[in-house]
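> Data: data19.cif, mmCIF, N, CA and C atoms and all ligand atoms.
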```
data_target
loop_
_atom_site.label_atom_id
_atom_site.label_comp_id
_atom_site.auth_asym_id
_atom_site.auth_seq_id
_atom_site.Cartn_x
_atom_site.Cartn_y
_atom_site.Cartn_z
N MET H 1 26.24 32.12 18.95
CA MET H 1 25.93 31.27 17.81
C MET H 1 24.49 31.52 17.35
N THR H 2 24.32 31.74 16.07
CA THR H 2 22.96 31.96 15.59
C THR H 2 22.25 30.62 15.46
N GLN H 3 20.94 30.70 15.30
CA GLN H 3 20.15 29.48 15.15
C GLN H 3 20.64 28.68 13.93
N LYS H 4 20.93 29.38 12.86
CA LYS H 4 21.33 28.69 11.64
C LYS H 4 22.65 27.94 11.84
N GLU H 5 23.59 28.55 12.53
CA GLU H 5 24.90 27.92 12.74
C GLU H 5 24.80 26.64 13.57
N SER H 6 23.78 26.58 14.42
CA SER H 6 23.67 25.41 15.28
C SER H 6 22.66 24.39 14.74
N CYS H 7 22.22 24.59 13.51
CA CYS H 7 21.16 23.74 12.96
C CYS H 7 21.75 22.55 12.20
N ILE H 8 21.44 21.35 12.64
CA ILE H 8 21.97 20.13 12.02
C ILE H 8 21.52 20.02 10.55
N PHE H 9 20.30 20.45 10.25
CA PHE H 9 19.83 20.36 8.86
C PHE H 9 20.57 21.34 7.96
N CYS H 10 20.86 22.53 8.47
CA CYS H 10 21.65 23.49 7.67
C CYS H 10 23.06 22.93 7.43
N GLU H 11 23.60 22.21 8.41
CA GLU H 11 24.91 21.59 8.25
C GLU H 11 24.87 20.52 7.15
N ILE H 12 23.78 19.75 7.13
CA ILE H 12 23.61 18.73 6.08
C ILE H 12 23.47 19.40 4.71
N ILE H 13 22.67 20.45 4.65
CA ILE H 13 22.45 21.17 3.39
C ILE H 13 23.77 21.74 2.88
N ALA H 14 24.60 22.22 3.81
CA ALA H 14 25.90 22.80 3.43
C ALA H 14 26.94 21.72 3.14
N GLY H 15 26.58 20.45 3.36
CA GLY H 15 27.52 19.36 3.10
C GLY H 15 28.53 19.16 4.21
N LYS H 16 28.30 19.79 5.36
CA LYS H 16 29.26 19.68 6.47
C LYS H 16 28.95 18.47 7.36
N GLU H 17 27.72 17.99 7.28
CA GLU H 17 27.32 16.79 8.03
C GLU H 17 26.90 15.73 7.03
N LYS H 18 27.27 14.49 7.33
CA LYS H 18 26.90 13.40 6.43
C LYS H 18 25.41 13.07 6.53
N ALA H 19 24.86 12.68 5.41
CA ALA H 19 23.46 12.24 5.40
C ALA H 19 23.27 11.36 4.17
N TRP H 20 22.25 10.53 4.22
CA TRP H 20 21.89 9.71 3.06
C TRP H 20 21.05 10.59 2.15
N LYS H 21 21.70 11.35 1.30
CA LYS H 21 20.99 12.33 0.47
C LYS H 21 20.40 11.67 -0.77
N LEU H 22 19.09 11.72 -0.90
CA LEU H 22 18.41 11.07 -2.01
C LEU H 22 18.16 12.01 -3.18
N PHE H 23 17.95 13.27 -2.86
CA PHE H 23 17.57 14.22 -3.90
C PHE H 23 17.81 15.63 -3.39
N GLU H 24 18.18 16.52 -4.30
CA GLU H 24 18.16 17.94 -3.94
C GLU H 24 18.00 18.77 -5.18
N ASP H 25 17.41 19.92 -5.01
CA ASP H 25 17.36 20.91 -6.09
C ASP H 25 17.65 22.27 -5.44
N ASP H 26 17.30 23.35 -6.14
CA ASP H 26 17.66 24.66 -5.59
C ASP H 26 16.83 25.03 -4.36
N LYS H 27 15.68 24.38 -4.16
CA LYS H 27 14.80 24.76 -3.06
C LYS H 27 14.75 23.79 -1.89
N CYS H 28 15.01 22.51 -2.17
CA CYS H 28 14.81 21.52 -1.10
C CYS H 28 15.80 20.37 -1.18
N ILE H 29 15.81 19.60 -0.11
CA ILE H 29 16.68 18.43 -0.05
C ILE H 29 15.90 17.29 0.61
N VAL H 30 16.19 16.08 0.18
CA VAL H 30 15.51 14.89 0.70
C VAL H 30 16.58 13.90 1.18
N ILE H 31 16.44 13.47 2.42
CA ILE H 31 17.41 12.51 2.99
C ILE H 31 16.67 11.38 3.70
N LEU H 32 17.37 10.27 3.88
CA LEU H 32 16.82 9.22 4.73
C LEU H 32 16.81 9.74 6.16
N ASP H 33 15.74 9.49 6.91
CA ASP H 33 15.72 9.85 8.32
C ASP H 33 16.74 8.96 9.03
N ALA H 34 17.62 9.56 9.82
CA ALA H 34 18.67 8.81 10.52
C ALA H 34 18.08 7.89 11.58
N PHE H 35 16.86 8.19 12.04
CA PHE H 35 16.20 7.36 13.06
C PHE H 35 14.81 6.96 12.55
N PRO H 36 14.80 6.08 11.53
CA PRO H 36 13.54 5.77 10.85
C PRO H 36 12.57 5.01 11.73
N ILE H 37 11.30 5.24 11.48
CA ILE H 37 10.30 4.41 12.18
C ILE H 37 9.83 3.29 11.27
N ASN H 38 10.21 3.34 9.99
CA ASN H 38 9.91 2.26 9.05
C ASN H 38 10.97 2.29 7.95
N GLU H 39 11.07 1.19 7.22
CA GLU H 39 11.99 1.19 6.09
C GLU H 39 11.54 2.23 5.07
N GLY H 40 12.48 3.08 4.63
CA GLY H 40 12.16 4.08 3.63
C GLY H 40 11.65 5.39 4.19
N HIS H 41 11.74 5.56 5.50
CA HIS H 41 11.33 6.82 6.14
C HIS H 41 12.31 7.91 5.70
N VAL H 42 11.80 8.89 4.98
CA VAL H 42 12.67 9.99 4.54
C VAL H 42 12.10 11.32 5.04
N ILE H 43 12.95 12.33 5.01
CA ILE H 43 12.47 13.67 5.34
C ILE H 43 12.84 14.63 4.22
N ILE H 44 11.96 15.58 4.02
CA ILE H 44 12.17 16.60 2.99
C ILE H 44 12.13 17.96 3.69
N MET H 45 13.06 18.82 3.31
CA MET H 45 13.11 20.13 3.98
C MET H 45 13.50 21.23 3.00
N PRO H 46 13.08 22.45 3.29
CA PRO H 46 13.52 23.56 2.45
C PRO H 46 15.00 23.83 2.73
N LYS H 47 15.71 24.35 1.74
CA LYS H 47 17.12 24.69 1.97
C LYS H 47 17.23 25.93 2.84
N GLN H 48 16.21 26.75 2.76
CA GLN H 48 16.21 27.96 3.58
C GLN H 48 15.94 27.59 5.03
N HIS H 49 16.68 28.19 5.96
CA HIS H 49 16.47 27.92 7.38
C HIS H 49 15.24 28.67 7.88
N VAL H 50 14.16 27.93 8.06
CA VAL H 50 12.95 28.50 8.69
C VAL H 50 12.52 27.51 9.75
N LYS H 51 11.92 28.02 10.84
CA LYS H 51 11.76 27.14 12.01
C LYS H 51 10.67 26.08 11.86
N ASP H 52 9.64 26.36 11.08
CA ASP H 52 8.63 25.33 10.86
C ASP H 52 7.92 25.57 9.53
N ILE H 53 7.01 24.68 9.18
CA ILE H 53 6.38 24.77 7.84
C ILE H 53 5.58 26.04 7.66
N PHE H 54 5.16 26.64 8.75
CA PHE H 54 4.35 27.86 8.65
C PHE H 54 5.18 29.06 8.23
N GLU H 55 6.50 28.92 8.31
CA GLU H 55 7.38 30.02 7.90
C GLU H 55 7.93 29.83 6.48
N ILE H 56 7.56 28.73 5.86
CA ILE H 56 8.02 28.51 4.48
C ILE H 56 7.15 29.36 3.56
N ASP H 57 7.78 30.06 2.61
CA ASP H 57 6.97 30.85 1.68
C ASP H 57 6.15 29.89 0.81
N GLU H 58 4.99 30.36 0.36
CA GLU H 58 4.03 29.46 -0.29
C GLU H 58 4.58 28.76 -1.54
N PRO H 59 5.26 29.48 -2.45
CA PRO H 59 5.77 28.76 -3.64
C PRO H 59 6.73 27.63 -3.25
N THR H 60 7.58 27.86 -2.24
CA THR H 60 8.50 26.81 -1.80
C THR H 60 7.74 25.66 -1.17
N PHE H 61 6.72 25.98 -0.37
CA PHE H 61 5.93 24.92 0.26
C PHE H 61 5.23 24.06 -0.80
N LEU H 62 4.67 24.71 -1.82
CA LEU H 62 4.00 23.95 -2.88
C LEU H 62 5.00 23.09 -3.64
N HIS H 63 6.19 23.63 -3.84
CA HIS H 63 7.25 22.86 -4.50
C HIS H 63 7.60 21.63 -3.67
N ILE H 64 7.75 21.82 -2.37
CA ILE H 64 8.07 20.72 -1.47
C ILE H 64 6.97 19.65 -1.50
N CYS H 65 5.72 20.08 -1.53
CA CYS H 65 4.60 19.12 -1.61
C CYS H 65 4.67 18.30 -2.89
N LYS H 66 5.02 18.98 -3.98
CA LYS H 66 5.11 18.30 -5.27
C LYS H 66 6.23 17.26 -5.25
N ILE H 67 7.38 17.67 -4.76
CA ILE H 67 8.52 16.74 -4.68
C ILE H 67 8.19 15.60 -3.70
N ALA H 68 7.54 15.94 -2.59
CA ALA H 68 7.21 14.92 -1.58
C ALA H 68 6.29 13.86 -2.18
N ARG H 69 5.32 14.28 -2.97
CA ARG H 69 4.40 13.31 -3.57
C ARG H 69 5.14 12.41 -4.55
N TRP H 70 6.05 13.00 -5.30
CA TRP H 70 6.86 12.21 -6.24
C TRP H 70 7.72 11.18 -5.49
N ILE H 71 8.41 11.64 -4.45
CA ILE H 71 9.26 10.73 -3.65
C ILE H 71 8.38 9.63 -3.04
N ALA H 72 7.22 10.01 -2.50
CA ALA H 72 6.32 9.04 -1.86
C ALA H 72 5.85 8.00 -2.87
N SER H 73 5.52 8.45 -4.06
CA SER H 73 5.03 7.56 -5.10
C SER H 73 6.11 6.55 -5.52
N GLU H 74 7.31 7.06 -5.78
CA GLU H 74 8.41 6.17 -6.18
C GLU H 74 8.79 5.21 -5.05
N THR H 75 8.77 5.73 -3.82
CA THR H 75 9.12 4.91 -2.66
C THR H 75 8.08 3.80 -2.45
N LYS H 76 6.82 4.16 -2.59
CA LYS H 76 5.73 3.19 -2.42
C LYS H 76 5.92 2.03 -3.39
N THR H 77 6.25 2.36 -4.63
CA THR H 77 6.42 1.32 -5.65
C THR H 77 7.65 0.45 -5.36
N VAL H 78 8.78 1.10 -5.14
CA VAL H 78 10.03 0.33 -5.04
C VAL H 78 10.11 -0.48 -3.74
N LEU H 79 9.50 0.02 -2.68
CA LEU H 79 9.54 -0.71 -1.40
C LEU H 79 8.28 -1.55 -1.17
N LYS H 80 7.40 -1.55 -2.18
CA LYS H 80 6.14 -2.32 -2.09
C LYS H 80 5.36 -1.99 -0.82
N ALA H 81 5.25 -0.70 -0.53
CA ALA H 81 4.50 -0.26 0.66
C ALA H 81 3.01 -0.29 0.37
N GLU H 82 2.22 -0.42 1.43
CA GLU H 82 0.77 -0.38 1.29
C GLU H 82 0.30 1.05 1.05
N TYR H 83 0.94 1.98 1.74
CA TYR H 83 0.56 3.39 1.69
C TYR H 83 1.79 4.20 2.11
N VAL H 84 1.71 5.51 1.95
CA VAL H 84 2.80 6.36 2.43
C VAL H 84 2.18 7.56 3.16
N ASN H 85 2.55 7.74 4.42
CA ASN H 85 2.11 8.92 5.17
C ASN H 85 3.06 10.08 4.86
N MET H 86 2.49 11.26 4.69
CA MET H 86 3.29 12.48 4.57
C MET H 86 2.83 13.40 5.69
N VAL H 87 3.67 13.60 6.67
CA VAL H 87 3.22 14.33 7.86
C VAL H 87 4.26 15.35 8.33
N THR H 88 3.76 16.38 8.98
CA THR H 88 4.63 17.29 9.72
C THR H 88 4.41 16.96 11.20
N ALA H 89 5.42 17.17 11.99
CA ALA H 89 5.31 16.90 13.42
C ALA H 89 6.21 17.88 14.14
N SER H 90 5.92 18.11 15.41
CA SER H 90 6.80 19.01 16.15
C SER H 90 8.14 18.32 16.32
N SER H 91 9.20 19.11 16.45
CA SER H 91 10.54 18.54 16.49
C SER H 91 11.44 19.43 17.33
N ILE H 92 12.48 18.81 17.89
CA ILE H 92 13.46 19.62 18.62
C ILE H 92 14.40 20.34 17.65
N ILE H 93 14.39 19.90 16.37
CA ILE H 93 15.23 20.55 15.37
C ILE H 93 14.50 21.79 14.84
N PRO H 94 15.12 22.96 14.97
CA PRO H 94 14.41 24.19 14.60
C PRO H 94 14.50 24.52 13.11
N HIS H 95 14.24 23.52 12.27
CA HIS H 95 14.30 23.71 10.82
C HIS H 95 13.13 22.91 10.23
N ALA H 96 12.31 23.61 9.46
CA ALA H 96 11.10 22.99 8.92
C ALA H 96 11.40 21.72 8.13
N PHE H 97 10.58 20.70 8.31
CA PHE H 97 10.69 19.50 7.47
C PHE H 97 9.39 18.71 7.51
N MET H 98 9.29 17.79 6.57
CA MET H 98 8.12 16.93 6.48
C MET H 98 8.60 15.48 6.41
N HIS H 99 7.88 14.60 7.12
CA HIS H 99 8.20 13.17 7.07
C HIS H 99 7.45 12.51 5.91
N ILE H 100 8.14 11.61 5.24
CA ILE H 100 7.51 10.75 4.24
C ILE H 100 7.76 9.33 4.72
N ILE H 101 6.68 8.64 5.13
CA ILE H 101 6.84 7.36 5.82
C ILE H 101 6.06 6.25 5.14
N PRO H 102 6.77 5.34 4.48
CA PRO H 102 6.07 4.20 3.88
C PRO H 102 5.43 3.35 4.97
N ARG H 103 4.26 2.82 4.66
CA ARG H 103 3.54 2.00 5.64
C ARG H 103 3.32 0.62 5.06
N TYR H 104 3.49 -0.37 5.91
CA TYR H 104 3.38 -1.76 5.50
C TYR H 104 2.29 -2.43 6.32
N ASP H 105 1.67 -3.42 5.73
CA ASP H 105 0.55 -4.04 6.46
C ASP H 105 0.99 -4.67 7.78
N TYR H 106 2.26 -4.98 7.90
CA TYR H 106 2.75 -5.64 9.12
C TYR H 106 3.23 -4.65 10.18
N ASP H 107 3.17 -3.35 9.92
CA ASP H 107 3.78 -2.44 10.92
C ASP H 107 2.86 -2.12 12.11
N LEU H 108 1.59 -2.50 11.97
CA LEU H 108 0.65 -2.44 13.09
C LEU H 108 0.58 -1.08 13.79
N MET H 109 0.73 0.01 13.01
CA MET H 109 0.73 1.33 13.63
C MET H 109 -0.59 2.07 13.46
N GLY H 110 -1.55 1.47 12.79
CA GLY H 110 -2.81 2.18 12.60
C GLY H 110 -2.73 3.19 11.46
N LEU H 111 -3.67 4.12 11.43
CA LEU H 111 -3.75 5.05 10.30
C LEU H 111 -2.57 6.01 10.22
N LEU H 112 -2.09 6.43 11.39
CA LEU H 112 -0.98 7.37 11.41
C LEU H 112 0.24 6.71 12.06
N PRO H 113 1.44 7.10 11.62
CA PRO H 113 2.63 6.45 12.16
C PRO H 113 2.86 6.82 13.63
N ASP H 114 3.42 5.88 14.35
CA ASP H 114 3.80 6.13 15.74
C ASP H 114 5.21 6.72 15.73
N MET H 115 5.29 8.06 15.87
CA MET H 115 6.56 8.75 15.69
C MET H 115 7.59 8.43 16.78
N GLU H 116 7.14 7.85 17.86
CA GLU H 116 8.08 7.50 18.94
C GLU H 116 8.69 6.11 18.74
N ASN H 117 8.11 5.37 17.79
CA ASN H 117 8.49 3.97 17.63
C ASN H 117 9.61 3.81 16.59
N LYS H 118 10.82 4.22 16.97
CA LYS H 118 11.96 4.17 16.03
C LYS H 118 12.40 2.73 15.83
N ARG H 119 12.76 2.44 14.58
CA ARG H 119 13.32 1.12 14.29
C ARG H 119 14.83 1.20 14.30
N LYS H 120 15.46 0.18 14.78
CA LYS H 120 16.93 0.14 14.71
C LYS H 120 17.31 -0.44 13.36
N MET H 121 17.93 0.38 12.53
CA MET H 121 18.38 -0.13 11.23
C MET H 121 19.88 -0.04 11.17
N SER H 122 20.50 -1.12 10.72
CA SER H 122 21.96 -1.14 10.62
C SER H 122 22.38 -0.26 9.43
N ASN H 123 23.66 0.02 9.38
CA ASN H 123 24.20 0.79 8.28
C ASN H 123 23.94 0.08 6.94
N GLU H 124 24.04 -1.24 6.97
CA GLU H 124 23.82 -2.03 5.75
C GLU H 124 22.35 -1.91 5.31
N GLU H 125 21.45 -1.97 6.27
CA GLU H 125 20.02 -1.84 5.94
C GLU H 125 19.73 -0.45 5.37
N MET H 126 20.35 0.56 5.98
CA MET H 126 20.16 1.93 5.50
C MET H 126 20.68 2.05 4.07
N GLU H 127 21.83 1.45 3.81
CA GLU H 127 22.42 1.53 2.48
C GLU H 127 21.55 0.82 1.44
N THR H 128 21.03 -0.34 1.82
CA THR H 128 20.16 -1.09 0.91
C THR H 128 18.92 -0.27 0.57
N THR H 129 18.29 0.32 1.59
CA THR H 129 17.10 1.15 1.38
C THR H 129 17.45 2.35 0.51
N TYR H 130 18.58 2.98 0.84
CA TYR H 130 19.02 4.15 0.09
C TYR H 130 19.16 3.81 -1.39
N LYS H 131 19.83 2.69 -1.68
CA LYS H 131 20.08 2.31 -3.07
C LYS H 131 18.78 2.03 -3.81
N LYS H 132 17.82 1.40 -3.12
CA LYS H 132 16.52 1.11 -3.77
C LYS H 132 15.81 2.41 -4.15
N ILE H 133 15.71 3.31 -3.20
CA ILE H 133 14.96 4.57 -3.46
C ILE H 133 15.72 5.42 -4.47
N ARG H 134 17.01 5.55 -4.26
CA ARG H 134 17.83 6.36 -5.17
C ARG H 134 17.74 5.82 -6.60
N GLY H 135 17.77 4.48 -6.70
CA GLY H 135 17.66 3.84 -8.01
C GLY H 135 16.33 4.18 -8.68
N ALA H 136 15.25 4.15 -7.89
CA ALA H 136 13.93 4.46 -8.44
C ALA H 136 13.86 5.91 -8.89
N LEU H 137 14.41 6.82 -8.08
CA LEU H 137 14.37 8.25 -8.41
C LEU H 137 15.21 8.52 -9.66
N ASP H 138 16.40 7.92 -9.70
CA ASP H 138 17.28 8.11 -10.87
C ASP H 138 16.63 7.57 -12.14
N GLY H 139 15.97 6.41 -11.99
CA GLY H 139 15.28 5.80 -13.13
C GLY H 139 14.18 6.71 -13.66
N PHE H 140 13.41 7.25 -12.72
CA PHE H 140 12.33 8.17 -13.09
C PHE H 140 12.89 9.39 -13.81
N ARG H 141 13.95 9.95 -13.26
CA ARG H 141 14.51 11.18 -13.83
C ARG H 141 15.09 10.94 -15.21
N LYS H 142 15.70 9.77 -15.41
CA LYS H 142 16.25 9.44 -16.72
C LYS H 142 15.11 9.36 -17.74
N LYS H 143 14.03 8.71 -17.31
CA LYS H 143 12.88 8.52 -18.19
C LYS H 143 12.18 9.84 -18.49
N ASN H 144 12.09 10.69 -17.49
CA ASN H 144 11.28 11.90 -17.63
C ASN H 144 12.10 13.18 -17.73
N LYS H 145 13.40 13.02 -17.70
CA LYS H 145 14.34 14.15 -17.82
C LYS H 145 14.00 15.28 -16.84
N ARG H 146 13.71 14.91 -15.58
CA ARG H 146 13.48 15.93 -14.56
C ARG H 146 14.79 16.69 -14.36
N LYS H 147 14.72 17.99 -14.50
CA LYS H 147 15.94 18.81 -14.47
C LYS H 147 16.35 19.15 -13.03
N THR H 148 17.06 18.23 -12.43
CA THR H 148 17.50 18.44 -11.05
C THR H 148 18.81 17.72 -10.83
N SER H 149 19.48 18.05 -9.78
CA SER H 149 20.78 17.42 -9.52
C SER H 149 20.60 16.03 -8.94
ZN ZN H 201 18.50 25.09 9.50
#
```
Show the structure stored in the file as structure tokens.
Ligand SMILES: [Zn+2]


Amino acid sequence: MTQKESCIFCEIIAGKEKAWKLFEDDKCIVILDAFPINEGHVIIMPKQHVKDIFEIDEPTFLHICKIARWIASETKTVLKAEYVNMVTASSIIPHAFMHIIPRYDYDLMGLLPDMENKRKMSNEEMETTYKKIRGALDGFRKKNKRKTS
């Protein structure tokens, strides 16, 4: 089995694994993190299978940064977050991605998120969060005619 065949993110990108997909275009995909550390914790990844951010080609990385900032901005507004962290971290998943983590004054995690501190969110909570963020992104795209799926 090649690395790509055993990669959960490639399975999600191919539509073979379920995920709360918030956005995708030809270069990247954005989903809710299945094990969030805060409400609205999402991850963004290139569609191309590369093992970490250092292997992403520069135009794709810049594109991902641009989309990440947009997602972070819309998420911050719709979830009334105090701030949003955008971080890369080491992972057991061999596919590059970046965390986008809304921060709230009550989360008591300090300047940077505590990546080990997963929150238990029910399916209903995940769906509610998904609908809020998706609604904000769709609203933005309608208003600004962002050409993406
Ligand atoms: Zn992959």

> Would you please work out which residue, of H:Pro102, H:Pro59, H:Gly110, H:Pro94, is nearest to ligand ZN 201 (chain H) when using all atoms listed in the file?

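Of H:Pro102, H:Pro59, H:Gly110, H:Pro94, the one nearest ligand ZN 201 (chain H), counting all atoms listed in the file, is H:Pro94.
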
> Taking the DSSP assignment computed from this structure's backbone, write out as a PyMOL selection string all residues of chain H that belong to strand (DSSP E or B).

chain H and resi 21-24+28-32+42-46+83-87+98-103

> Using all atoms listed in the file, which protein or nucleic acid residues come within 7 Å of His41 of chain H? Drop anything in the same chain fewer than 3 positions from it, and give the result as a list in words.

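Once the nearby chain positions are removed, what remains is Ile31, Leu32, Asp33, Ala34, Pro36, Ile37, Asn38, His99, Ile100, Ile101 and Pro102 of chain H.
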
> Given only C-alpha atoms and all ligand atoms, how would the per-residue table for chain H near ligand ZN 201 (chain H) read, listing every residue at most 7 Å away with its closest atom pair and distance in Å to one decimal, sorted by chain and number, as JSON lines?


```
{"residue": "H:Lys4", "atom": "CA", "partner": "H:ZN201", "partner_atom": "ZN", "distance": 5.1}
{"residue": "H:Cys7", "atom": "CA", "partner": "H:ZN201", "partner_atom": "ZN", "distance": 4.6}
{"residue": "H:Ile8", "atom": "CA", "partner": "H:ZN201", "partner_atom": "ZN", "distance": 6.6}
{"residue": "H:Phe9", "atom": "CA", "partner": "H:ZN201", "partner_atom": "ZN", "distance": 5.0}
{"residue": "H:Cys10", "atom": "CA", "partner": "H:ZN201", "partner_atom": "ZN", "distance": 4.0}
{"residue": "H:Gln48", "atom": "CA", "partner": "H:ZN201", "partner_atom": "ZN", "distance": 7.0}
{"residue": "H:His49", "atom": "CA", "partner": "H:ZN201", "partner_atom": "ZN", "distance": 4.1}
{"residue": "H:Val50", "atom": "CA", "partner": "H:ZN201", "partner_atom": "ZN", "distance": 6.6}
{"residue": "H:Pro94", "atom": "CA", "partner": "H:ZN201", "partner_atom": "ZN", "distance": 6.6}
{"residue": "H:His95", "atom": "CA", "partner": "H:ZN201", "partner_atom": "ZN", "distance": 4.6}
```

> So that each row is one residue of segment 13-102 of chain H with an atom at most 8 Å from segment 130-135 of chain H, can you give its shortest atom pair and the distance in Å to one decimal, using only N, CA and C atoms, rows by chain and rising number, as JSON lines?


```
{"residue": "H:Trp20", "atom": "CA", "partner": "H:Tyr130", "partner_atom": "CA", "distance": 6.9}
{"residue": "H:Lys21", "atom": "C", "partner": "H:Arg134", "partner_atom": "CA", "distance": 7.4}
{"residue": "H:Leu22", "atom": "CA", "partner": "H:Arg134", "partner_atom": "CA", "distance": 5.7}
{"residue": "H:Phe23", "atom": "N", "partner": "H:Arg134", "partner_atom": "CA", "distance": 7.3}
{"residue": "H:Leu32", "atom": "CA", "partner": "H:Tyr130", "partner_atom": "CA", "distance": 7.2}
{"residue": "H:Gly40", "atom": "CA", "partner": "H:Tyr130", "partner_atom": "N", "distance": 7.1}
{"residue": "H:Glu74", "atom": "C", "partner": "H:Ile133", "partner_atom": "CA", "distance": 6.4}
{"residue": "H:Thr75", "atom": "CA", "partner": "H:Ile133", "partner_atom": "CA", "distance": 5.9}
{"residue": "H:Val78", "atom": "CA", "partner": "H:Lys132", "partner_atom": "C", "distance": 6.2}
{"residue": "H:Leu79", "atom": "N", "partner": "H:Lys132", "partner_atom": "C", "distance": 6.9}
```

> Just to confirm, what's the straight-line distance from atom N of Glu127 of chain H to atom N of Glu39 of chain H in Å (one decimal)?

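Separation of atom N of Glu127 of chain H and atom N of Glu39 of chain H: 11.3 Å.
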
> Got a sec: who's within 8 Å of segment 88-90 of chain H, counting all atoms listed in the file, leaving out chain neighbours fewer than 3 positions off, as a VMD selection string?

chain H and resid 53 85 93 97 to 100

> Name the closest residue to Phe54 of chain H among the candidates H:Asn144, H:Leu108, H:Ala96, H:Arg103; distances are taken between atoms, counting all atoms listed in the file.

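The shortest atom-to-atom distance to Phe54 of chain H comes from H:Ala96.
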
> Between atom CA of Asp114 of chain H and atom CA of Ile67 of chain H, measure the distance and give it in Å to one decimal.

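It comes out at 23.5 Å.
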
> List every residue of segment 27-129 of chain H that DSSP, applied to the backbone of this structure, assigns to alpha helix (DSSP H), and report them as a VMD selection string.

chain H and resid 58 to 78 123 to 129

> Between H:Asp52, H:Arg69, H:Met126, H:Met109, which residue has the minimum interatomic distance to Ile92 of chain H, considering only C-alpha atoms?

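So, comparing all the options, the nearest one is H:Asp52.
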
> Under the rule that only N, CA and C atoms are counted, which of H:Glu125, H:Lys47, H:Leu137, H:Lys142 is the nearest residue to Asp25 of chain H?

H:Lys47

> Show which residues sit within 9 Å of Lys27 of chain H, as a count of residues only. Count only C-alpha atoms, and ignore same-chain residues fewer than 4 positions away.

7

> Rounded to one decimal place, report the atom N of Ile56 of chain H-atom C of Tyr83 of chain H distance in Å.

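Computed distance, atom N of Ile56 of chain H to atom C of Tyr83 of chain H, equals 25.5 Å.
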